[in-house]
file structure-v3.txt (compact mmCIF, C-alpha atoms)
# COMPACT_ATOMS: atom_id res chain seq x y z
CA MET A 1 22.92 32.29 16.69
CA LYS A 2 26.64 32.98 16.64
CA LEU A 3 26.72 33.09 20.43
CA LEU A 4 24.78 29.83 20.56
CA ARG A 5 27.30 28.09 18.32
CA MET A 6 30.20 29.44 20.39
CA ALA A 7 28.53 28.12 23.52
CA ALA A 8 28.13 24.70 21.91
CA VAL A 9 31.81 24.62 20.95
CA ALA A 10 32.80 25.54 24.48
CA LEU A 11 30.61 22.80 25.89
CA PHE A 12 32.07 20.19 23.56
CA ALA A 13 35.60 21.17 24.49
CA ALA A 14 34.76 20.95 28.19
CA ALA A 15 33.26 17.52 27.67
CA ALA A 16 36.51 16.25 26.13
CA GLY A 17 35.22 15.93 22.62
CA ILE A 18 32.11 13.95 23.52
CA LEU A 19 30.01 15.27 20.66
CA ALA A 20 32.34 16.54 17.93
CA VAL A 21 30.97 19.17 15.53
CA GLN A 22 27.75 17.80 14.14
CA SER A 23 24.56 18.25 16.14
CA PRO A 24 22.32 15.27 16.90
CA ALA A 25 19.64 16.76 14.67
CA GLN A 26 21.87 16.07 11.66
CA ALA A 27 22.29 12.37 12.34
CA HIS A 28 19.55 9.93 11.65
CA GLY A 29 19.61 6.35 12.89
CA ALA A 30 20.93 2.81 12.99
CA ILE A 31 19.43 -0.66 13.05
CA GLN A 32 18.45 -1.78 16.56
CA VAL A 33 16.93 -5.22 15.91
CA PRO A 34 19.21 -6.94 15.19
CA GLY A 35 21.42 -4.30 16.83
CA SER A 36 24.33 -2.71 15.00
CA ARG A 37 27.81 -2.61 16.49
CA THR A 38 27.56 1.09 17.27
CA TRP A 39 24.14 0.72 18.98
CA PHE A 40 25.15 -2.26 21.09
CA CYS A 41 28.52 -0.76 22.02
CA TYR A 42 26.77 2.45 23.05
CA GLN A 43 24.54 0.38 25.35
CA ASP A 44 27.57 -1.55 26.60
CA GLY A 45 29.70 1.50 27.35
CA ARG A 46 27.37 4.28 28.44
CA ASN A 47 27.48 5.01 32.15
CA PRO A 48 23.87 5.99 33.01
CA GLN A 49 24.98 7.98 36.05
CA THR A 50 27.63 10.18 34.43
CA GLY A 51 26.98 9.88 30.69
CA ALA A 52 30.61 8.79 30.18
CA ILE A 53 31.57 6.05 27.71
CA GLU A 54 33.20 3.16 29.60
CA PRO A 55 33.18 0.04 27.37
CA LYS A 56 33.09 -3.36 29.05
CA ASN A 57 32.94 -5.56 25.95
CA ALA A 58 36.48 -6.09 24.63
CA ALA A 59 35.57 -5.47 20.98
CA CYS A 60 33.70 -2.27 21.88
CA ALA A 61 36.66 -1.10 23.97
CA ALA A 62 39.01 -1.70 21.04
CA ALA A 63 36.69 0.20 18.69
CA VAL A 64 36.53 3.19 21.05
CA ALA A 65 40.29 3.12 21.52
CA GLN A 66 40.68 3.50 17.75
CA SER A 67 37.74 5.78 16.91
CA GLY A 68 37.27 7.75 20.14
CA VAL A 69 34.19 8.13 22.35
CA SER A 70 32.42 10.39 19.85
CA SER A 71 31.80 7.28 17.74
CA LEU A 72 29.41 6.01 20.41
CA TYR A 73 27.82 9.30 21.39
CA ASN A 74 27.03 9.48 17.66
CA TRP A 75 26.11 5.80 17.26
CA PHE A 76 23.32 6.82 14.85
CA ALA A 77 25.62 8.58 12.36
CA VAL A 78 27.43 5.90 10.28
CA LEU A 79 26.64 7.71 7.05
CA ARG A 80 27.88 9.06 3.76
CA SER A 81 26.31 12.28 2.53
CA ASP A 82 27.32 11.30 -1.01
CA GLY A 83 26.30 7.63 -0.76
CA ALA A 84 23.26 7.72 -3.08
CA GLY A 85 22.51 4.13 -2.06
CA ARG A 86 25.82 2.86 -3.44
CA VAL A 87 27.39 -0.22 -1.88
CA ASN A 88 29.89 -2.55 -3.60
CA GLY A 89 32.48 -0.48 -5.44
CA PHE A 90 31.74 2.63 -3.40
CA ILE A 91 32.88 1.53 0.05
CA PRO A 92 36.20 -0.34 -0.02
CA ASP A 93 36.59 -3.88 1.31
CA GLY A 94 37.49 -3.84 4.99
CA GLN A 95 35.60 -0.56 5.57
CA LEU A 96 32.00 -1.70 5.29
CA CYS A 97 31.10 -1.27 8.98
CA SER A 98 32.39 2.32 9.10
CA GLY A 99 30.72 3.37 5.84
CA GLY A 100 34.18 4.07 4.45
CA THR A 101 36.23 7.05 5.59
CA GLY A 102 34.18 9.88 4.08
CA GLY A 103 31.56 10.27 6.80
CA PRO A 104 31.35 12.99 9.44
CA TYR A 105 32.83 10.82 12.22
CA ASN A 106 35.57 8.24 12.61
CA PHE A 107 34.00 4.77 12.87
CA SER A 108 37.07 2.86 11.65
CA GLY A 109 37.30 0.92 14.93
CA PHE A 110 34.04 -0.85 14.05
CA ASN A 111 35.75 -2.49 11.07
CA LEU A 112 37.93 -4.54 13.42
CA ALA A 113 37.82 -8.25 12.52
CA ARG A 114 36.86 -9.90 15.81
CA ASN A 115 34.53 -12.64 16.98
CA ASP A 116 33.63 -11.05 20.34
CA TRP A 117 31.29 -8.22 19.28
CA PRO A 118 27.89 -8.14 21.03
CA GLN A 119 25.58 -10.42 19.07
CA THR A 120 21.93 -11.29 18.58
CA HIS A 121 20.84 -14.94 18.72
CA LEU A 122 18.42 -15.87 15.95
CA THR A 123 16.71 -18.80 14.21
CA ALA A 124 17.22 -19.22 10.46
CA GLY A 125 14.04 -18.78 8.43
CA ALA A 126 12.12 -17.20 11.32
CA ASN A 127 9.70 -14.32 10.92
CA VAL A 128 11.00 -11.26 12.75
CA GLN A 129 10.19 -7.61 13.22
CA PHE A 130 13.13 -5.42 12.28
CA LYS A 131 13.62 -2.08 14.03
CA TYR A 132 15.65 0.85 12.75
CA ASN A 133 16.09 3.94 14.92
CA ASN A 134 14.64 7.13 13.44
CA TRP A 135 16.67 9.79 15.24
CA ALA A 136 15.56 11.94 12.30
CA LYS A 137 12.81 10.85 9.93
CA HIS A 138 13.33 10.65 6.16
CA PRO A 139 11.74 8.69 3.34
CA GLY A 140 13.83 5.96 1.82
CA THR A 141 14.61 2.28 1.34
CA PHE A 142 16.11 -0.16 3.86
CA SER A 143 18.09 -3.10 2.49
CA LEU A 144 19.46 -6.00 4.55
CA TYR A 145 22.26 -8.28 3.32
CA ILE A 146 23.55 -11.50 4.93
CA THR A 147 27.01 -13.04 4.84
CA LYS A 148 27.60 -16.17 2.79
CA ASP A 149 28.07 -19.60 4.33
CA GLY A 150 31.60 -19.96 5.67
CA TYR A 151 31.80 -16.35 6.88
CA ASP A 152 34.83 -15.81 9.14
CA PRO A 153 34.41 -12.89 11.57
CA THR A 154 38.16 -12.86 12.29
CA LYS A 155 38.87 -11.65 8.75
CA PRO A 156 38.15 -8.10 7.47
CA LEU A 157 34.66 -7.92 5.99
CA ALA A 158 34.67 -7.71 2.19
CA TRP A 159 31.82 -7.32 -0.27
CA ASN A 160 32.47 -10.83 -1.52
CA ASP A 161 31.59 -12.09 1.96
CA LEU A 162 27.98 -10.90 1.47
CA GLU A 163 25.25 -12.44 -0.62
CA PRO A 164 24.93 -10.15 -3.68
CA THR A 165 21.25 -9.29 -3.22
CA PRO A 166 19.34 -8.23 -0.09
CA PHE A 167 17.34 -10.90 1.71
CA ASP A 168 14.95 -8.18 2.90
CA GLN A 169 14.08 -4.77 1.50
CA VAL A 170 11.37 -2.25 2.36
CA THR A 171 10.55 1.33 1.36
CA ASN A 172 9.01 3.88 3.73
CA PRO A 173 8.00 1.51 6.55
CA PRO A 174 5.79 2.78 9.41
CA ALA A 175 7.33 4.47 12.44
CA ASN A 176 6.66 4.34 16.14
CA GLY A 177 7.72 7.39 18.17
CA GLY A 178 10.70 9.60 17.46
CA PRO A 179 12.49 11.47 16.21
CA GLY A 180 15.27 12.52 18.57
CA THR A 181 15.09 9.56 20.99
CA ASP A 182 16.72 6.15 21.38
CA ALA A 183 13.27 4.55 21.45
CA GLY A 184 11.78 5.98 18.23
CA HIS A 185 12.06 3.61 15.30
CA TYR A 186 10.85 2.39 11.93
CA TYR A 187 9.59 -1.19 11.96
CA TRP A 188 8.60 -3.87 9.50
CA ASN A 189 8.08 -7.63 9.45
CA GLY A 190 10.35 -9.89 7.43
CA ARG A 191 11.84 -13.35 7.25
CA LEU A 192 15.43 -14.27 8.06
CA PRO A 193 17.35 -16.32 5.49
CA ALA A 194 16.78 -20.05 5.75
CA GLY A 195 19.53 -22.64 6.06
CA LYS A 196 21.96 -20.45 8.00
CA SER A 197 23.88 -21.65 11.06
CA GLY A 198 26.62 -20.28 13.28
CA LYS A 199 28.02 -16.76 13.23
CA HIS A 200 26.99 -14.36 10.48
CA LEU A 201 26.73 -10.62 9.89
CA ILE A 202 23.70 -8.67 8.69
CA TYR A 203 24.64 -5.55 6.75
CA SER A 204 22.06 -2.75 6.71
CA VAL A 205 21.81 0.07 4.16
CA TRP A 206 19.32 2.94 4.50
CA SER A 207 19.19 5.02 1.33
CA ARG A 208 17.22 8.24 1.63
CA SER A 209 15.01 9.12 -1.34
CA ASP A 210 15.04 12.85 -0.56
CA SER A 211 18.84 13.20 -0.69
CA GLN A 212 21.99 11.21 -1.46
CA GLU A 213 22.61 10.54 2.23
CA THR A 214 23.01 6.82 2.95
CA PHE A 215 23.49 4.99 6.27
CA TYR A 216 25.43 1.76 6.78
CA GLY A 217 25.63 -0.71 9.67
CA CYS A 218 27.00 -4.08 10.75
CA SER A 219 24.98 -6.37 13.02
CA ASP A 220 26.67 -9.47 14.41
CA VAL A 221 24.30 -12.43 14.73
CA VAL A 222 24.46 -16.13 15.46
CA PHE A 223 21.93 -18.61 14.06
CA ASP A 224 21.63 -21.02 16.98
CA GLY A 225 17.87 -21.32 17.49
CA GLY A 226 17.75 -18.08 19.45
CA ASN A 227 14.78 -15.78 19.75
CA GLY A 228 16.43 -12.36 19.77
CA GLU A 229 18.55 -12.71 22.90
CA VAL A 230 21.57 -10.38 23.00
CA THR A 231 24.89 -11.36 24.57
CA GLY A 232 28.14 -9.47 24.95
CA ILE A 233 26.78 -6.25 26.44
CA GLY A 234 28.09 -5.26 29.87
CA ASN A 235 28.86 -7.90 32.44
CA GLY A 236 27.33 -11.02 31.02
CA GLY A 237 25.23 -9.37 28.33
CA GLY A 238 21.69 -8.11 28.08
CA GLN A 239 18.56 -9.02 26.21
CA SER A 240 16.72 -7.08 23.56
CA PRO A 241 13.06 -7.52 22.63
CA SER A 242 12.54 -10.79 20.82
CA PRO A 243 12.47 -10.27 17.04
CA SER A 244 9.67 -12.83 16.75
CA THR A 245 7.52 -10.97 19.27
CA PRO A 246 5.82 -7.79 18.00
CA VAL A 247 7.43 -4.80 19.72
CA SER A 248 5.61 -2.14 17.69
CA PRO A 249 2.02 -1.67 16.56
CA SER A 250 0.91 -3.60 13.49
CA PRO A 251 1.55 -1.63 10.26
CA SER A 252 -2.22 -1.54 9.78
CA VAL A 253 -2.65 0.45 13.00
CA PRO A 254 -1.92 4.18 12.66
CA THR A 255 0.62 5.52 15.13
CA SER A 256 1.10 9.02 16.45
CA PRO A 257 3.86 10.99 14.77
CA SER A 258 4.78 12.48 18.11
CA ALA A 259 7.84 11.33 19.98
CA SER A 260 7.89 9.25 23.11
CA PRO A 261 10.35 10.14 25.86
CA SER A 262 13.19 7.69 26.30
CA THR A 263 14.03 6.24 29.67
CA SER A 264 16.53 8.48 31.42
CA PRO A 265 18.91 7.82 34.33
CA SER A 266 18.06 11.11 35.97
CA ALA A 267 14.34 11.53 35.50
CA SER A 268 13.37 14.32 37.85
CA VAL A 269 10.50 16.08 36.15
CA SER A 270 9.12 19.61 36.42
CA PRO A 271 5.63 19.92 34.84
CA SER A 272 4.40 23.28 33.63
CA GLN A 273 0.98 24.63 34.39
CA ASN A 274 -1.67 23.76 31.81
CA PRO A 275 -3.37 27.02 30.83
CA GLY A 276 -7.02 26.71 29.90
CA GLY A 277 -7.94 23.77 32.14
CA GLY A 278 -7.42 20.86 29.74
CA SER A 279 -6.56 22.81 26.59
CA GLY A 280 -3.22 24.32 25.63
CA CYS A 281 -0.02 22.40 26.36
CA THR A 282 2.19 21.30 29.23
CA ALA A 283 5.92 20.65 29.34
CA MET A 284 7.82 18.00 31.30
CA TYR A 285 11.58 18.40 31.75
CA SER A 286 14.14 15.71 32.59
CA VAL A 287 17.90 15.15 32.56
CA THR A 288 18.93 12.13 30.45
CA SER A 289 22.71 12.13 31.00
CA ALA A 290 25.43 14.23 32.60
CA TRP A 291 29.22 14.57 32.65
CA SER A 292 31.77 16.94 34.10
CA GLY A 293 30.84 20.42 32.88
CA GLY A 294 27.68 19.59 30.97
CA PHE A 295 24.54 17.54 30.60
CA GLN A 296 21.85 16.46 28.14
CA GLY A 297 18.14 16.89 28.72
CA GLU A 298 14.78 16.19 27.16
CA VAL A 299 11.46 18.01 27.30
CA MET A 300 8.09 16.44 26.47
CA VAL A 301 5.43 18.78 25.07
CA HIS A 302 1.96 17.39 25.78
CA ALA A 303 -1.29 18.62 24.26
CA GLY A 304 -4.47 18.81 26.30
CA ALA A 305 -7.98 17.95 25.16
CA THR A 306 -7.47 20.02 21.99
CA ALA A 307 -4.82 19.63 19.31
CA VAL A 308 -1.94 22.12 19.40
CA ASN A 309 -0.71 23.91 16.29
CA GLY A 310 2.55 25.57 17.23
CA TRP A 311 4.22 25.55 20.68
CA LYS A 312 6.98 27.27 22.64
CA VAL A 313 8.60 26.10 25.87
CA SER A 314 10.73 28.27 28.15
CA TRP A 315 12.39 27.79 31.52
CA THR A 316 15.06 29.27 33.78
CA PHE A 317 17.95 27.17 35.04
CA PRO A 318 18.49 27.41 38.80
CA GLY A 319 22.20 28.24 38.61
CA ASN A 320 24.80 29.18 36.02
CA GLN A 321 23.67 26.53 33.50
CA THR A 322 23.31 27.65 29.87
CA MET A 323 21.63 25.83 26.99
CA ALA A 324 24.15 25.29 24.19
CA GLN A 325 22.01 23.69 21.50
CA ALA A 326 18.68 21.99 20.89
CA TRP A 327 17.30 19.49 18.39
CA SER A 328 13.76 18.70 17.29
CA GLY A 329 13.10 22.34 18.17
CA LYS A 330 14.50 25.83 17.57
CA GLY A 331 16.45 26.90 20.62
CA THR A 332 17.59 30.29 21.89
CA SER A 333 19.43 31.06 25.10
CA THR A 334 20.04 34.22 27.12
CA GLY A 335 21.99 33.48 30.26
CA SER A 336 20.00 31.02 32.35
CA LEU A 337 16.83 31.57 30.30
CA ALA A 338 16.18 28.92 27.62
CA THR A 339 13.46 28.94 24.98
CA VAL A 340 12.64 26.26 22.42
CA SER A 341 9.91 26.48 19.78
CA ASN A 342 8.61 23.91 17.34
CA GLU A 343 10.07 22.91 14.01
CA SER A 344 7.70 22.90 11.04
CA TRP A 345 7.39 19.12 11.10
CA ASN A 346 6.42 18.82 14.79
CA ALA A 347 4.33 21.98 15.21
CA THR A 348 1.09 20.02 15.35
CA VAL A 349 0.53 17.84 18.41
CA PRO A 350 -2.73 15.86 18.40
CA ALA A 351 -5.18 16.07 21.29
CA ASN A 352 -3.78 14.17 24.28
CA GLY A 353 -0.63 13.48 22.23
CA HIS A 354 2.95 14.60 22.73
CA THR A 355 6.29 15.30 21.10
CA THR A 356 9.77 15.69 22.55
CA PHE A 357 12.88 17.76 21.95
CA GLY A 358 16.38 17.45 23.36
CA PHE A 359 19.09 19.88 24.36
CA LEU A 360 22.68 20.16 25.57
CA ALA A 361 23.70 22.53 28.34
CA SER A 362 26.83 23.59 30.14
CA GLY A 363 27.23 23.54 33.91
CA ALA A 364 26.15 21.10 36.59
CA ALA A 365 23.13 18.97 35.70
CA ALA A 366 19.88 20.66 36.78
CA PRO A 367 17.24 17.99 37.55
CA GLN A 368 14.71 20.74 38.30
CA VAL A 369 14.18 24.10 36.57
CA GLN A 370 12.17 27.23 37.35
CA ASN A 371 9.34 28.95 35.51
CA LEU A 372 8.78 26.05 33.12
CA THR A 373 5.98 27.11 30.78
CA CYS A 374 4.43 25.94 27.53
CA THR A 375 2.47 28.27 25.28
CA THR A 376 0.67 27.59 22.02
CA GLY A 377 0.15 29.40 18.71
call {"tool": "encode", "arguments": {"input": "structure-v3.txt", "output": "structure tokens"}}
result
Amino acid sequence: MKLLRMAAVALFAAAAGILAVQSPAQAHGAIQVPGSRTWFCYQDGRNPQTGAIEPKNAACAAAVAQSGVSSLYNWFAVLRSDGAGRVNGFIPDGQLCSGGTGGPYNFSGFNLARNDWPQTHLTAGANVQFKYNNWAKHPGTFSLYITKDGYDPTKPLAWNDLEPTPFDQVTNPPANGGPGTDAGHYYWNGRLPAGKSGKHLIYSVWSRSDSQETFYGCSDVVFDGGNGEVTGIGNGGGQSPSPSTPVSPSPSVPTSPSASPSTSPSASVSPSQNPGGGSGCTAMYSVTSAWSGGFQGEVMVHAGATAVNGWKVSWTFPGNQTMAQAWSGKGTSTGSLATVSNESWNATVPANGHTTFGFLASGAAAPQVQNLTCTTG
């Protein structure tokens, strides 16, 4: 374990501080519909070919200049471990979007008072489906606040700028996919405040019920009759799924707790053999991002015709690559040999279902690996 941690530190240093000291498994999520500043700026700045952060939106570039690129590689970690659901009086005025200064990362650049952040176009009073990324799953309550009429985005956000009570609040909503992927999320249906027009900000608070950890986020929106369109990302902006169009199963439909693989820029896949002719498990490996001296990958563990209770995946890198750390699985590394076994919460994979885990490695990105195997039990 000590060697594994040392390897991770070496990788982070080689990657120019891309991932700081906290592993992705310890960070938990951010609102994606309507998207938070950190989520949208991550989409705006991430180079899918190299994994580098290269902001195009001016506000995102200013935030990264102040907070560093780790703020976007850790877009899901605007948190306070001592938050206990506290809001007004706990986080000072002007620091709402960073969760104050007591979190694990520097998000102070996302407090900048600007009117050019990426934004979601909405219709006041409309029914929407909110989405909140579940990089790690925890029970808790999600509360959404809206700014008062007359909100000025060019002034630092203060608590007095927000309506005092949430316009939407839900406890333990259903989840689709995840954890450990961009795509996995909690979802619930709600109604946007009526009578709003022009630019506003939606402030999200996720208070865990199993600890004091609390997550905060700022989502820039404009009430102009829009249907979830997103502008300000990249060259000319992008579009997210429409909040008024269901993008997840209905809460009445049970969903698999297993994770779905996120789309990756480098998706070469090496399937393992499926022992038992339809039973057992298979593994599919892919590279999701890369940079000078390191890369990030993802492995999908798929069950056959019978449910799996406990799994272990191993492979050999083709060169001098070494796995530095893993999340959503317990990783060990000996030279080019990497092994990852299940956590307690994702040991069971239903028949024909799947789960995923991620990892960081040093060396040149390896789109293919050798001796990729998945065993059960």
call {"tool": "closest_residue", "arguments": {"input": "structure-v3.txt", "among": "A:Leu337, A:Leu372, A:Val87, A:Ala62", "to": "Val301 (chain A)", "atoms": "all atoms listed in the file"}}
result
A:Leu372
call {"tool": "atom_distance", "arguments": {"input": "structure-v3.txt", "atom1": "CA of Arg114 (chain A)", "atom2": "CA of Pro156 (chain A)"}}
result
8.6 Å
call {"tool": "closest_residue", "arguments": {"input": "structure-v3.txt", "among": "A:Thr306, A:Thr50, A:Thr334, A:Thr282", "to": "Ala364 (chain A)", "atoms": "all atoms listed in the file"}}
result
A:Thr50
call {"tool": "residues_around", "arguments": {"input": "structure-v3.txt", "residues": "Thr322 (chain A)", "least_positions_apart": "5", "cutoff": "8 Å", "atoms": "all atoms listed in the file", "output": "ChimeraX atom specification"}}
result
/A:317,333-338,361-363
call {"tool": "closest_residue", "arguments": {"input": "structure-v3.txt", "among": "A:Val340, A:Val205, A:Ala77, A:Cys41", "to": "Cys60 (chain A)", "atoms": "all atoms listed in the file"}}
result
A:Cys41
call {"tool": "atom_distance", "arguments": {"input": "structure-v3.txt", "atom1": "CA of Ala183 (chain A)", "atom2": "CA of Val33 (chain A)"}}
result
11.8 Å
call {"tool": "closest_residue", "arguments": {"input": "structure-v3.txt", "among": "A:Pro92, A:Gly280, A:Gly35, A:Pro118", "to": "His354 (chain A)", "atoms": "only C-alpha atoms"}}
result
A:Gly280
call {"tool": "residues_around", "arguments": {"input": "structure-v3.txt", "residues": "Asn160 (chain A)", "least_positions_apart": "2", "cutoff": "10 Å", "atoms": "all atoms listed in the file", "output": "compact mmCIF listing (two decimals) with C-alpha atoms, in the frame of the given file"}}
result
# COMPACT_ATOMS: atom_id res chain seq x y z
CA ASN A 88 29.89 -2.55 -3.60
CA ASP A 93 36.59 -3.88 1.31
CA THR A 147 27.01 -13.04 4.84
CA LYS A 148 27.60 -16.17 2.79
CA LEU A 157 34.66 -7.92 5.99
CA ALA A 158 34.67 -7.71 2.19
CA LEU A 162 27.98 -10.90 1.47
CA GLU A 163 25.25 -12.44 -0.62
CA PRO A 164 24.93 -10.15 -3.68
call {"tool": "residues_around", "arguments": {"input": "structure-v3.txt", "residues": "region 208-220 of chain A", "least_positions_apart": "3", "cutoff": "8 Å", "atoms": "all atoms listed in the file", "output": "number ranges by chain"}}
result
A: 29-31, 34-37, 77-85, 96-99, 117-120, 138-141, 199-205
call {"tool": "atom_distance", "arguments": {"input": "structure-v3.txt", "atom1": "CA of Glu298 (chain A)", "atom2": "CA of Met284 (chain A)"}}
result
8.3 Å
call {"tool": "closest_residue", "arguments": {"input": "structure-v3.txt", "among": "A:Thr101, A:Ser71, A:Asn133, A:Asn309", "to": "Gly180 (chain A)", "atoms": "all atoms listed in the file"}}
result
A:Asn133
call {"tool": "closest_residue", "arguments": {"input": "structure-v3.txt", "among": "A:Gly198, A:Gly358, A:Gly234, A:Gly94", "to": "Ser286 (chain A)", "atoms": "only C-alpha atoms"}}
result
A:Gly358
call {"tool": "axis_aligned_box", "arguments": {"input": "structure-v3.txt", "around": "region 173-192 of chain A", "padding_each_side": "8 Å", "output": "JSON"}}
result
{"center_x": 11.3, "center_y": -0.9, "center_z": 14.0, "size_x": 26.9, "size_y": 42.8, "size_z": 30.9}
call {"tool": "residues_around", "arguments": {"input": "structure-v3.txt", "residues": "Ala347 (chain A)", "least_positions_apart": "2", "cutoff": "9 Å", "atoms": "all atoms listed in the file", "output": "PDB file with C-alpha atoms, keeping the file's coordinate frame"}}
result
ATOM      1  CA  VAL A 308      -1.940  22.120  19.400  1.00  0.00           C
ATOM      2  CA  ASN A 309      -0.710  23.910  16.290  1.00  0.00           C
ATOM      3  CA  GLY A 310       2.550  25.570  17.230  1.00  0.00           C
ATOM      4  CA  TRP A 311       4.220  25.550  20.680  1.00  0.00           C
ATOM      5  CA  SER A 341       9.910  26.480  19.780  1.00  0.00           C
ATOM      6  CA  ASN A 342       8.610  23.910  17.340  1.00  0.00           C
ATOM      7  CA  GLU A 343      10.070  22.910  14.010  1.00  0.00           C
ATOM      8  CA  SER A 344       7.700  22.900  11.040  1.00  0.00           C
ATOM      9  CA  TRP A 345       7.390  19.120  11.100  1.00  0.00           C
ATOM     10  CA  VAL A 349       0.530  17.840  18.410  1.00  0.00           C
TER      11      VAL A 349
END
call {"tool": "residues_near_point", "arguments": {"input": "structure-v3.txt", "point": "(25.3, 17.1, 32.8)", "cutoff": "9 Å", "atoms": "only C-alpha atoms", "output": "short mmCIF file (atom, residue, chain, number, x, y, z; two decimals) with C-alpha atoms, in the coordinates of the input"}}
result
data_model
loop_
_atom_site.label_atom_id
_atom_site.label_comp_id
_atom_site.auth_asym_id
_atom_site.auth_seq_id
_atom_site.Cartn_x
_atom_site.Cartn_y
_atom_site.Cartn_z
CA THR A 50 27.63 10.18 34.43
CA GLY A 51 26.98 9.88 30.69
CA VAL A 287 17.90 15.15 32.56
CA THR A 288 18.93 12.13 30.45
CA SER A 289 22.71 12.13 31.00
CA ALA A 290 25.43 14.23 32.60
CA TRP A 291 29.22 14.57 32.65
CA SER A 292 31.77 16.94 34.10
CA GLY A 293 30.84 20.42 32.88
CA GLY A 294 27.68 19.59 30.97
CA PHE A 295 24.54 17.54 30.60
CA GLN A 296 21.85 16.46 28.14
CA GLY A 297 18.14 16.89 28.72
CA LEU A 360 22.68 20.16 25.57
CA ALA A 361 23.70 22.53 28.34
CA SER A 362 26.83 23.59 30.14
CA GLY A 363 27.23 23.54 33.91
CA ALA A 364 26.15 21.10 36.59
CA ALA A 365 23.13 18.97 35.70
CA ALA A 366 19.88 20.66 36.78
#
call {"tool": "residues_around", "arguments": {"input": "structure-v3.txt", "residues": "Lys56 (chain A)", "least_positions_apart": "5", "cutoff": "12 Å", "atoms": "all atoms listed in the file", "output": "number ranges by chain"}}
result
A: 40-47, 61-64, 116-118, 232-237
call {"tool": "residues_near_point", "arguments": {"input": "structure-v3.txt", "point": "(11.7, 11.3, 12.6)", "cutoff": "10 Å", "atoms": "all atoms listed in the file", "output": "list in words"}}
result
Ala25, His28, Gly29, Asn133, Asn134, Trp135, Ala136, Lys137, His138, Pro139, Ala175, Asn176, Gly177, Gly178, Pro179, Gly180, Thr181, Gly184, His185, Tyr186, Pro257, Ser258, Ala259, Ser328, Trp345 and Asn346 of chain A
call {"tool": "decode", "arguments": {"input": "structure-v3.txt", "residues": "region 319-354 of chain A", "atoms": "C-alpha atoms", "output": "short mmCIF file (atom, residue, chain, number, x, y, z; two decimals), in the first residue's frame"}}
result
data_model
loop_
_atom_site.label_atom_id
_atom_site.label_comp_id
_atom_site.auth_asym_id
_atom_site.auth_seq_id
_atom_site.Cartn_x
_atom_site.Cartn_y
_atom_site.Cartn_z
CA GLY A 319 5.24 -1.70 -21.61
CA ASN A 320 6.56 0.10 -18.55
CA GLN A 321 3.12 1.36 -17.46
CA THR A 322 2.23 1.00 -13.77
CA MET A 323 -1.15 1.39 -12.09
CA ALA A 324 -0.95 4.10 -9.44
CA GLN A 325 -4.42 3.98 -7.91
CA ALA A 326 -7.93 2.66 -8.47
CA TRP A 327 -11.43 3.65 -7.38
CA SER A 328 -14.66 1.69 -7.15
CA GLY A 329 -12.35 -1.29 -6.59
CA LYS A 330 -9.37 -2.35 -4.47
CA GLY A 331 -6.23 -2.10 -6.56
CA THR A 332 -2.77 -3.62 -6.22
CA SER A 333 0.15 -3.28 -8.59
CA THR A 334 3.40 -5.17 -9.08
CA GLY A 335 5.38 -3.77 -11.97
CA SER A 336 3.26 -4.06 -15.12
CA LEU A 337 0.79 -6.44 -13.45
CA ALA A 338 -2.40 -4.78 -12.15
CA THR A 339 -5.16 -6.39 -10.10
CA VAL A 340 -8.44 -4.85 -8.95
CA SER A 341 -11.07 -6.60 -6.82
CA ASN A 342 -14.54 -5.52 -5.80
CA GLU A 343 -15.52 -3.21 -2.98
CA SER A 344 -18.19 -4.48 -0.60
CA TRP A 345 -20.87 -2.31 -2.20
CA ASN A 346 -20.29 -3.48 -5.79
CA ALA A 347 -19.39 -7.14 -5.19
CA THR A 348 -22.73 -8.35 -6.53
CA VAL A 349 -23.35 -7.90 -10.25
CA PRO A 350 -26.78 -9.09 -11.45
CA ALA A 351 -27.12 -11.55 -14.32
CA ASN A 352 -26.33 -9.80 -17.60
CA GLY A 353 -25.52 -6.64 -15.60
CA HIS A 354 -22.28 -4.76 -15.14
#
